[in-house]
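Student: mmCIF, C-alpha atoms, saved as data21.cif, coming up:
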data_my_file
#
loop_
_atom_site.label_atom_id
_atom_site.label_comp_id
_atom_site.auth_asym_id
_atom_site.auth_seq_id
_atom_site.Cartn_x
_atom_site.Cartn_y
_atom_site.Cartn_z
CA MET Q 26 100.53 63.85 99.10
CA SER Q 27 100.54 62.17 95.69
CA SER Q 28 103.49 62.45 93.33
CA THR Q 29 101.31 64.48 90.96
CA GLY Q 30 100.42 66.94 93.73
CA ALA Q 31 104.05 67.24 94.81
CA THR Q 32 105.13 67.88 91.23
CA THR Q 33 102.47 70.56 90.79
CA SER Q 34 103.52 72.26 94.03
CA THR Q 35 107.18 72.19 93.01
CA SER Q 36 106.29 73.59 89.60
CA ARG Q 37 104.40 76.50 91.17
CA ILE Q 38 107.31 77.29 93.47
CA GLU Q 39 109.71 77.27 90.54
CA ARG Q 40 107.44 79.58 88.53
CA PHE Q 41 107.24 81.94 91.50
CA ARG Q 42 111.01 81.96 91.90
CA LYS Q 43 111.44 82.64 88.20
CA SER Q 44 108.90 85.47 88.35
CA VAL Q 45 110.78 87.11 91.22
CA SER Q 46 114.24 86.61 89.73
CA GLU Q 47 113.16 88.10 86.39
CA ASP Q 48 112.50 91.41 88.14
CA PHE Q 49 115.99 91.80 89.55
CA THR Q 50 118.30 92.36 86.61
CA THR Q 51 121.47 94.44 86.96
CA THR Q 52 119.62 97.38 85.44
CA THR Q 53 116.83 97.01 87.98
CA TRP Q 54 119.25 97.15 90.91
CA VAL Q 55 120.61 100.39 89.47
CA LEU Q 56 117.11 101.86 89.07
CA ILE Q 57 115.78 100.92 92.53
CA PRO Q 58 117.80 103.66 94.35
CA LEU Q 59 116.47 106.14 91.78
CA GLY Q 60 112.92 105.06 92.55
CA ILE Q 61 113.55 105.39 96.29
CA GLY Q 62 114.98 108.87 95.75
CA ILE Q 63 111.98 109.99 93.69
CA ASN Q 64 109.63 108.76 96.43
CA ALA Q 65 111.64 110.42 99.21
CA ILE Q 66 111.81 113.78 97.45
CA GLY Q 67 108.12 113.78 96.60
CA GLY Q 68 107.13 112.74 100.12
CA PHE Q 69 109.40 115.37 101.66
CA ILE Q 70 107.91 118.15 99.54
CA ALA Q 71 104.33 117.10 100.33
CA SER Q 72 105.05 116.73 104.06
CA THR Q 73 106.96 120.00 104.36
CA LEU Q 74 104.32 122.01 102.51
CA LYS Q 75 101.44 120.14 104.23
CA LEU Q 76 99.90 119.43 100.86
CA PRO Q 77 96.73 117.31 100.77
CA LEU Q 78 98.74 114.85 98.66
CA PHE Q 79 101.46 112.27 99.31
CA MET Q 80 103.60 112.29 96.13
CA ASP Q 81 105.66 109.42 97.55
CA ASN Q 82 104.84 106.52 95.23
CA ILE Q 83 105.90 107.80 91.83
CA GLY Q 84 109.22 105.98 92.08
CA THR Q 85 107.51 102.78 93.20
CA MET Q 86 105.15 102.89 90.22
CA LEU Q 87 108.03 103.66 87.88
CA ILE Q 88 109.92 100.56 89.00
CA GLY Q 89 106.69 98.54 88.75
CA ILE Q 90 106.29 99.59 85.13
CA LEU Q 91 109.93 99.15 84.15
CA ALA Q 92 110.99 96.11 86.17
CA GLY Q 93 107.99 94.30 87.69
CA PRO Q 94 105.95 93.82 90.87
CA TRP Q 95 108.58 92.36 93.18
CA ALA Q 96 111.20 95.02 92.50
CA ALA Q 97 108.51 97.68 92.91
CA ALA Q 98 107.32 96.23 96.23
CA LEU Q 99 110.91 96.29 97.51
CA THR Q 100 111.32 99.87 96.29
CA GLY Q 101 108.14 100.99 98.03
CA GLY Q 102 109.03 99.33 101.32
CA LEU Q 103 112.59 100.68 101.36
CA ALA Q 104 111.40 104.16 100.37
CA ASN Q 105 109.03 104.28 103.36
CA LEU Q 106 111.85 103.15 105.62
CA VAL Q 107 114.12 105.90 104.28
CA GLN Q 108 111.42 108.55 104.78
CA ALA Q 109 110.89 107.34 108.36
CA MET Q 110 114.62 107.63 109.02
CA LEU Q 111 114.63 111.13 107.55
CA GLY Q 112 112.15 112.34 110.17
CA ASN Q 113 108.73 111.09 109.18
CA PRO Q 114 108.15 107.97 111.35
CA VAL Q 115 104.45 107.93 110.43
CA GLN Q 116 105.54 106.32 107.16
CA LEU Q 117 106.35 103.05 108.93
CA ALA Q 118 102.69 102.45 109.74
CA PHE Q 119 101.77 102.95 106.10
CA MET Q 120 104.37 100.56 104.68
CA PRO Q 121 101.69 98.10 103.44
CA VAL Q 122 100.43 100.81 101.06
CA PRO Q 123 103.55 101.26 98.88
CA VAL Q 124 104.24 97.53 98.93
CA ALA Q 125 100.73 96.89 97.59
CA ILE Q 126 101.06 99.76 95.12
CA GLY Q 127 104.28 98.24 93.81
CA LEU Q 128 102.78 94.78 93.41
CA VAL Q 129 99.61 96.00 91.71
CA THR Q 130 101.49 98.36 89.37
CA GLY Q 131 103.94 95.65 88.37
CA PHE Q 132 101.29 93.03 87.66
CA LEU Q 133 99.14 95.50 85.72
CA ALA Q 134 102.18 96.53 83.67
CA ARG Q 135 102.93 92.89 82.85
CA ARG Q 136 99.40 92.52 81.55
CA GLY Q 137 99.75 95.48 79.22
CA TRP Q 138 97.86 98.16 81.14
CA PHE Q 139 100.70 100.68 80.82
CA ASP Q 140 101.21 100.19 77.09
CA SER Q 141 99.58 103.54 76.28
CA VAL Q 142 98.27 106.70 77.90
CA LYS Q 143 94.67 105.59 77.44
CA LYS Q 144 95.26 102.21 79.07
CA THR Q 145 96.95 103.92 82.04
CA ILE Q 146 93.53 105.22 83.08
CA VAL Q 147 92.67 101.73 84.37
CA PRO Q 148 95.75 101.41 86.64
CA ALA Q 149 95.12 104.95 87.90
CA ILE Q 150 91.63 103.95 89.08
CA VAL Q 151 92.71 100.55 90.45
CA LEU Q 152 95.63 102.04 92.39
CA THR Q 153 93.34 104.71 93.86
CA ILE Q 154 90.99 102.02 95.18
CA VAL Q 155 93.81 99.81 96.50
CA ALA Q 156 95.48 102.68 98.35
CA THR Q 157 92.18 103.84 99.85
CA ILE Q 158 91.20 100.38 101.09
CA ILE Q 159 94.57 99.79 102.77
CA ALA Q 160 95.26 103.29 104.09
CA THR Q 161 91.87 104.18 105.58
CA PRO Q 162 91.91 101.54 108.38
CA ILE Q 163 95.46 102.60 109.28
CA VAL Q 164 94.46 106.25 109.47
CA VAL Q 165 91.43 105.52 111.66
CA LEU Q 166 92.69 102.69 113.90
CA VAL Q 167 96.32 103.72 114.35
CA PHE Q 168 96.13 107.51 114.22
CA GLY Q 169 92.52 108.28 115.08
CA GLY Q 170 92.06 110.09 111.78
CA VAL Q 171 94.91 112.54 112.34
CA THR Q 172 98.31 112.14 110.67
CA SER Q 173 101.09 114.50 109.67
CA SER Q 174 99.82 114.76 106.09
CA GLY Q 175 97.58 117.41 104.64
CA THR Q 176 94.85 114.78 104.28
CA SER Q 177 94.02 115.31 107.95
CA LEU Q 178 92.77 118.80 107.09
CA VAL Q 179 90.28 117.31 104.65
CA THR Q 180 89.20 114.72 107.22
CA ALA Q 181 88.77 117.37 109.93
CA THR Q 182 86.66 119.51 107.60
CA LEU Q 183 84.35 116.57 106.85
CA VAL Q 184 84.06 115.64 110.53
CA ALA Q 185 83.07 119.24 111.27
CA THR Q 186 80.09 118.82 108.93
CA GLY Q 187 78.72 116.06 111.16
CA ARG Q 188 80.02 112.97 109.38
CA SER Q 189 81.51 110.07 111.32
CA LEU Q 190 85.28 109.71 111.60
CA VAL Q 191 85.34 106.56 109.48
CA GLU Q 192 83.21 108.09 106.73
CA SER Q 193 85.23 111.31 106.80
CA ALA Q 194 88.58 109.50 106.69
CA ALA Q 195 87.45 107.20 103.87
CA THR Q 196 86.01 110.08 101.82
CA ALA Q 197 89.12 112.22 102.33
CA GLN Q 198 91.41 109.31 101.52
CA LEU Q 199 89.53 108.45 98.33
CA ALA Q 200 89.49 112.06 97.13
CA VAL Q 201 93.18 112.57 97.83
CA GLU Q 202 94.25 109.18 96.47
CA PHE Q 203 92.32 109.81 93.26
CA VAL Q 204 94.47 112.84 92.55
CA ASP Q 205 97.66 111.50 94.10
CA LYS Q 206 97.79 107.88 92.90
CA GLY Q 207 95.93 108.59 89.68
CA GLY Q 208 98.26 111.44 88.83
CA SER Q 209 101.33 109.48 89.94
CA ALA Q 210 100.46 106.64 87.56
CA PHE Q 211 100.56 109.01 84.59
CA VAL Q 212 103.71 110.75 85.81
CA ALA Q 213 105.46 107.39 86.21
CA TYR Q 214 104.31 106.33 82.75
CA PHE Q 215 105.77 109.43 81.11
CA ILE Q 216 109.02 109.25 83.09
CA GLY Q 217 109.46 105.67 81.93
CA LYS Q 218 108.68 106.66 78.37
CA SER Q 219 111.44 109.29 78.47
CA VAL Q 220 114.14 106.79 79.47
CA PRO Q 221 116.25 105.56 76.51
CA SER Q 222 115.45 101.91 75.76
CA ARG Q 223 119.03 100.78 76.28
CA TYR Q 224 118.73 101.72 79.95
CA LEU Q 225 115.44 99.88 80.52
CA PRO Q 226 114.98 96.44 82.12
CA PRO Q 227 113.35 93.79 79.88
CA GLN Q 228 109.81 94.59 81.01
CA GLY Q 229 110.28 98.29 80.34
CA GLN Q 230 111.62 97.56 76.88
CA ASP Q 231 108.56 95.44 76.12
CA ILE Q 232 106.18 98.17 77.28
CA TYR Q 233 107.81 101.10 75.53
CA SER Q 234 108.97 99.32 72.36
#
Can you give me the file's structure in the form of structure tokens?
Tutor:
Amino acid sequence: MSSTGATTSTSRIERFRKSVSEDFTTTTWVLIPLGIGINAIGGFIASTLKLPLFMDNIGTMLIGILAGPWAAALTGGLANLVQAMLGNPVQLAFMPVPVAIGLVTGFLARRGWFDSVKKTIVPAIVLTIVATIIATPIVVLVFGGVTSSGTSLVTATLVATGRSLVESAATAQLAVEFVDKGGSAFVAYFIGKSVPSRYLPPQGQDIYS
């Protein structure tokens, strides 16, 4: 490898390290447990009531908006682990979903897509698509279309109309994610907006200033 190539590679690694380290301020470490708690409470309510929603990524999105993608990915992964330990082991299989949600939310926030209510429409749509693409194969291949969430009721209804399992699971997932992830994006935005600026990490201060 040439010296120029080695220098470029080292520069990219340093930029990546800086990007990650910028997420984890003291304020961020304080907020991460809050994000995990919001996810756990929302997921518990949805699971207990068998709602055709998940409600377990609001905290992840909040950290993505306030702190950045890496902190949000950690929040999402840990939140799923906590929910699994609290009696919902199905969450372990879906861990790639909140991690991806955290990354996408954080990167979109850094590019200004959570600067206003109107702009938040774009993240709401993007997050819906991301969650659907990742979750549908897990639902079909790992659980055969049936999980402990209320989404299974929607899938079963569609299968009963003569549609294939894959089509039914994908349609149900998209419909539910549109409401769940789309709505969660706006909820996270408004929660972040309500936090006093002195308690926000640098990214959150930039967004809500």
Student: Any chance you could work out the residue set of the PyMOL selection byres ((chain Q and resi 51) around 12) here, as a PDB file with C-alpha atoms, in the coordinates of the input?
Tutor:
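Output saved as expr19.pdb:
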ATOM      1  CA  SER Q  46     114.240  86.610  89.730  1.00  0.00           C
ATOM      2  CA  GLU Q  47     113.160  88.100  86.390  1.00  0.00           C
ATOM      3  CA  ASP Q  48     112.500  91.410  88.140  1.00  0.00           C
ATOM      4  CA  PHE Q  49     115.990  91.800  89.550  1.00  0.00           C
ATOM      5  CA  THR Q  50     118.300  92.360  86.610  1.00  0.00           C
ATOM      6  CA  THR Q  52     119.620  97.380  85.440  1.00  0.00           C
ATOM      7  CA  THR Q  53     116.830  97.010  87.980  1.00  0.00           C
ATOM      8  CA  TRP Q  54     119.250  97.150  90.910  1.00  0.00           C
ATOM      9  CA  VAL Q  55     120.610 100.390  89.470  1.00  0.00           C
ATOM     10  CA  LEU Q  56     117.110 101.860  89.070  1.00  0.00           C
ATOM     11  CA  ILE Q  57     115.780 100.920  92.530  1.00  0.00           C
ATOM     12  CA  ALA Q  92     110.990  96.110  86.170  1.00  0.00           C
ATOM     13  CA  ALA Q  96     111.200  95.020  92.500  1.00  0.00           C
ATOM     14  CA  TYR Q 224     118.730 101.720  79.950  1.00  0.00           C
ATOM     15  CA  LEU Q 225     115.440  99.880  80.520  1.00  0.00           C
ATOM     16  CA  PRO Q 226     114.980  96.440  82.120  1.00  0.00           C
ATOM     17  CA  PRO Q 227     113.350  93.790  79.880  1.00  0.00           C
TER      18      PRO Q 227
END
Student: What residues come out when you apply the PyMOL selection byres ((chain Q and resi 174) around 8) to this file, written as a list in words?
Tutor: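 On the file shown, the PyMOL selection byres ((chain Q and resi 174) around 8) covers Ala71, Ser72, Lys75, Leu76, Pro77, Leu78, Phe79, Thr172, Ser173, Gly175, Thr176 and Ser177 of chain Q.
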Student: Compare Q:Val212, Q:Lys43, Q:Gly187, Q:Thr157 by their minimum atom-to-atom distance to Leu199 in chain Q, counting only C-alpha atoms, and give me the closest one.
Tutor: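 Result for the nearest residue to Leu199 in chain Q: Q:Thr157.
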Student: Give me the residues within 6 Å of range 81-90 of chain Q as a ChimeraX atom specification, counting all atoms listed in the file and dropping any in the same chain fewer than 3 places off.
Tutor: /Q:60,63-64,67-68,93-94,97,100-101,127,130-131,134,209,213
Student: Rounded to one decimal, what separation in Å do you get between CA of Phe69 in chain Q and CA of Val122 in chain Q?
Tutor: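 Going from CA of Phe69 in chain Q over to CA of Val122 in chain Q covers 17.1 Å.
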Student: Which neighbours of range 140-151 of chain Q fall inside 12 Å, counting only C-alpha atoms, when residues of the same chain fewer than 2 positions from it are skipped, and could you give them as a PDB file with C-alpha atoms, in the frame of the given file?
Tutor:
ATOM      1  CA  ILE Q  83     105.900 107.800  91.830  1.00  0.00           C
ATOM      2  CA  MET Q  86     105.150 102.890  90.220  1.00  0.00           C
ATOM      3  CA  GLY Q  89     106.690  98.540  88.750  1.00  0.00           C
ATOM      4  CA  ILE Q  90     106.290  99.590  85.130  1.00  0.00           C
ATOM      5  CA  LEU Q  91     109.930  99.150  84.150  1.00  0.00           C
ATOM      6  CA  ALA Q 125     100.730  96.890  97.590  1.00  0.00           C
ATOM      7  CA  ILE Q 126     101.060  99.760  95.120  1.00  0.00           C
ATOM      8  CA  GLY Q 127     104.280  98.240  93.810  1.00  0.00           C
ATOM      9  CA  LEU Q 128     102.780  94.780  93.410  1.00  0.00           C
ATOM     10  CA  VAL Q 129      99.610  96.000  91.710  1.00  0.00           C
ATOM     11  CA  THR Q 130     101.490  98.360  89.370  1.00  0.00           C
ATOM     12  CA  GLY Q 131     103.940  95.650  88.370  1.00  0.00           C
ATOM     13  CA  PHE Q 132     101.290  93.030  87.660  1.00  0.00           C
ATOM     14  CA  LEU Q 133      99.140  95.500  85.720  1.00  0.00           C
ATOM     15  CA  ALA Q 134     102.180  96.530  83.670  1.00  0.00           C
ATOM     16  CA  ARG Q 135     102.930  92.890  82.850  1.00  0.00           C
ATOM     17  CA  ARG Q 136      99.400  92.520  81.550  1.00  0.00           C
ATOM     18  CA  GLY Q 137      99.750  95.480  79.220  1.00  0.00           C
ATOM     19  CA  TRP Q 138      97.860  98.160  81.140  1.00  0.00           C
ATOM     20  CA  THR Q 153      93.340 104.710  93.860  1.00  0.00           C
ATOM     21  CA  ILE Q 154      90.990 102.020  95.180  1.00  0.00           C
ATOM     22  CA  VAL Q 155      93.810  99.810  96.500  1.00  0.00           C
ATOM     23  CA  ALA Q 156      95.480 102.680  98.350  1.00  0.00           C
ATOM     24  CA  THR Q 157      92.180 103.840  99.850  1.00  0.00           C
ATOM     25  CA  ILE Q 158      91.200 100.380 101.090  1.00  0.00           C
ATOM     26  CA  LEU Q 199      89.530 108.450  98.330  1.00  0.00           C
ATOM     27  CA  ALA Q 200      89.490 112.060  97.130  1.00  0.00           C
ATOM     28  CA  GLU Q 202      94.250 109.180  96.470  1.00  0.00           C
ATOM     29  CA  PHE Q 203      92.320 109.810  93.260  1.00  0.00           C
ATOM     30  CA  VAL Q 204      94.470 112.840  92.550  1.00  0.00           C
ATOM     31  CA  ASP Q 205      97.660 111.500  94.100  1.00  0.00           C
ATOM     32  CA  LYS Q 206      97.790 107.880  92.900  1.00  0.00           C
ATOM     33  CA  GLY Q 207      95.930 108.590  89.680  1.00  0.00           C
ATOM     34  CA  GLY Q 208      98.260 111.440  88.830  1.00  0.00           C
ATOM     35  CA  SER Q 209     101.330 109.480  89.940  1.00  0.00           C
ATOM     36  CA  ALA Q 210     100.460 106.640  87.560  1.00  0.00           C
ATOM     37  CA  PHE Q 211     100.560 109.010  84.590  1.00  0.00           C
ATOM     38  CA  VAL Q 212     103.710 110.750  85.810  1.00  0.00           C
ATOM     39  CA  ALA Q 213     105.460 107.390  86.210  1.00  0.00           C
ATOM     40  CA  TYR Q 214     104.310 106.330  82.750  1.00  0.00           C
ATOM     41  CA  PHE Q 215     105.770 109.430  81.110  1.00  0.00           C
ATOM     42  CA  GLY Q 217     109.460 105.670  81.930  1.00  0.00           C
ATOM     43  CA  LYS Q 218     108.680 106.660  78.370  1.00  0.00           C
ATOM     44  CA  GLN Q 228     109.810  94.590  81.010  1.00  0.00           C
ATOM     45  CA  GLY Q 229     110.280  98.290  80.340  1.00  0.00           C
ATOM     46  CA  GLN Q 230     111.620  97.560  76.880  1.00  0.00           C
ATOM     47  CA  ASP Q 231     108.560  95.440  76.120  1.00  0.00           C
ATOM     48  CA  ILE Q 232     106.180  98.170  77.280  1.00  0.00           C
ATOM     49  CA  TYR Q 233     107.810 101.100  75.530  1.00  0.00           C
ATOM     50  CA  SER Q 234     108.970  99.320  72.360  1.00  0.00           C
TER      51      SER Q 234
END
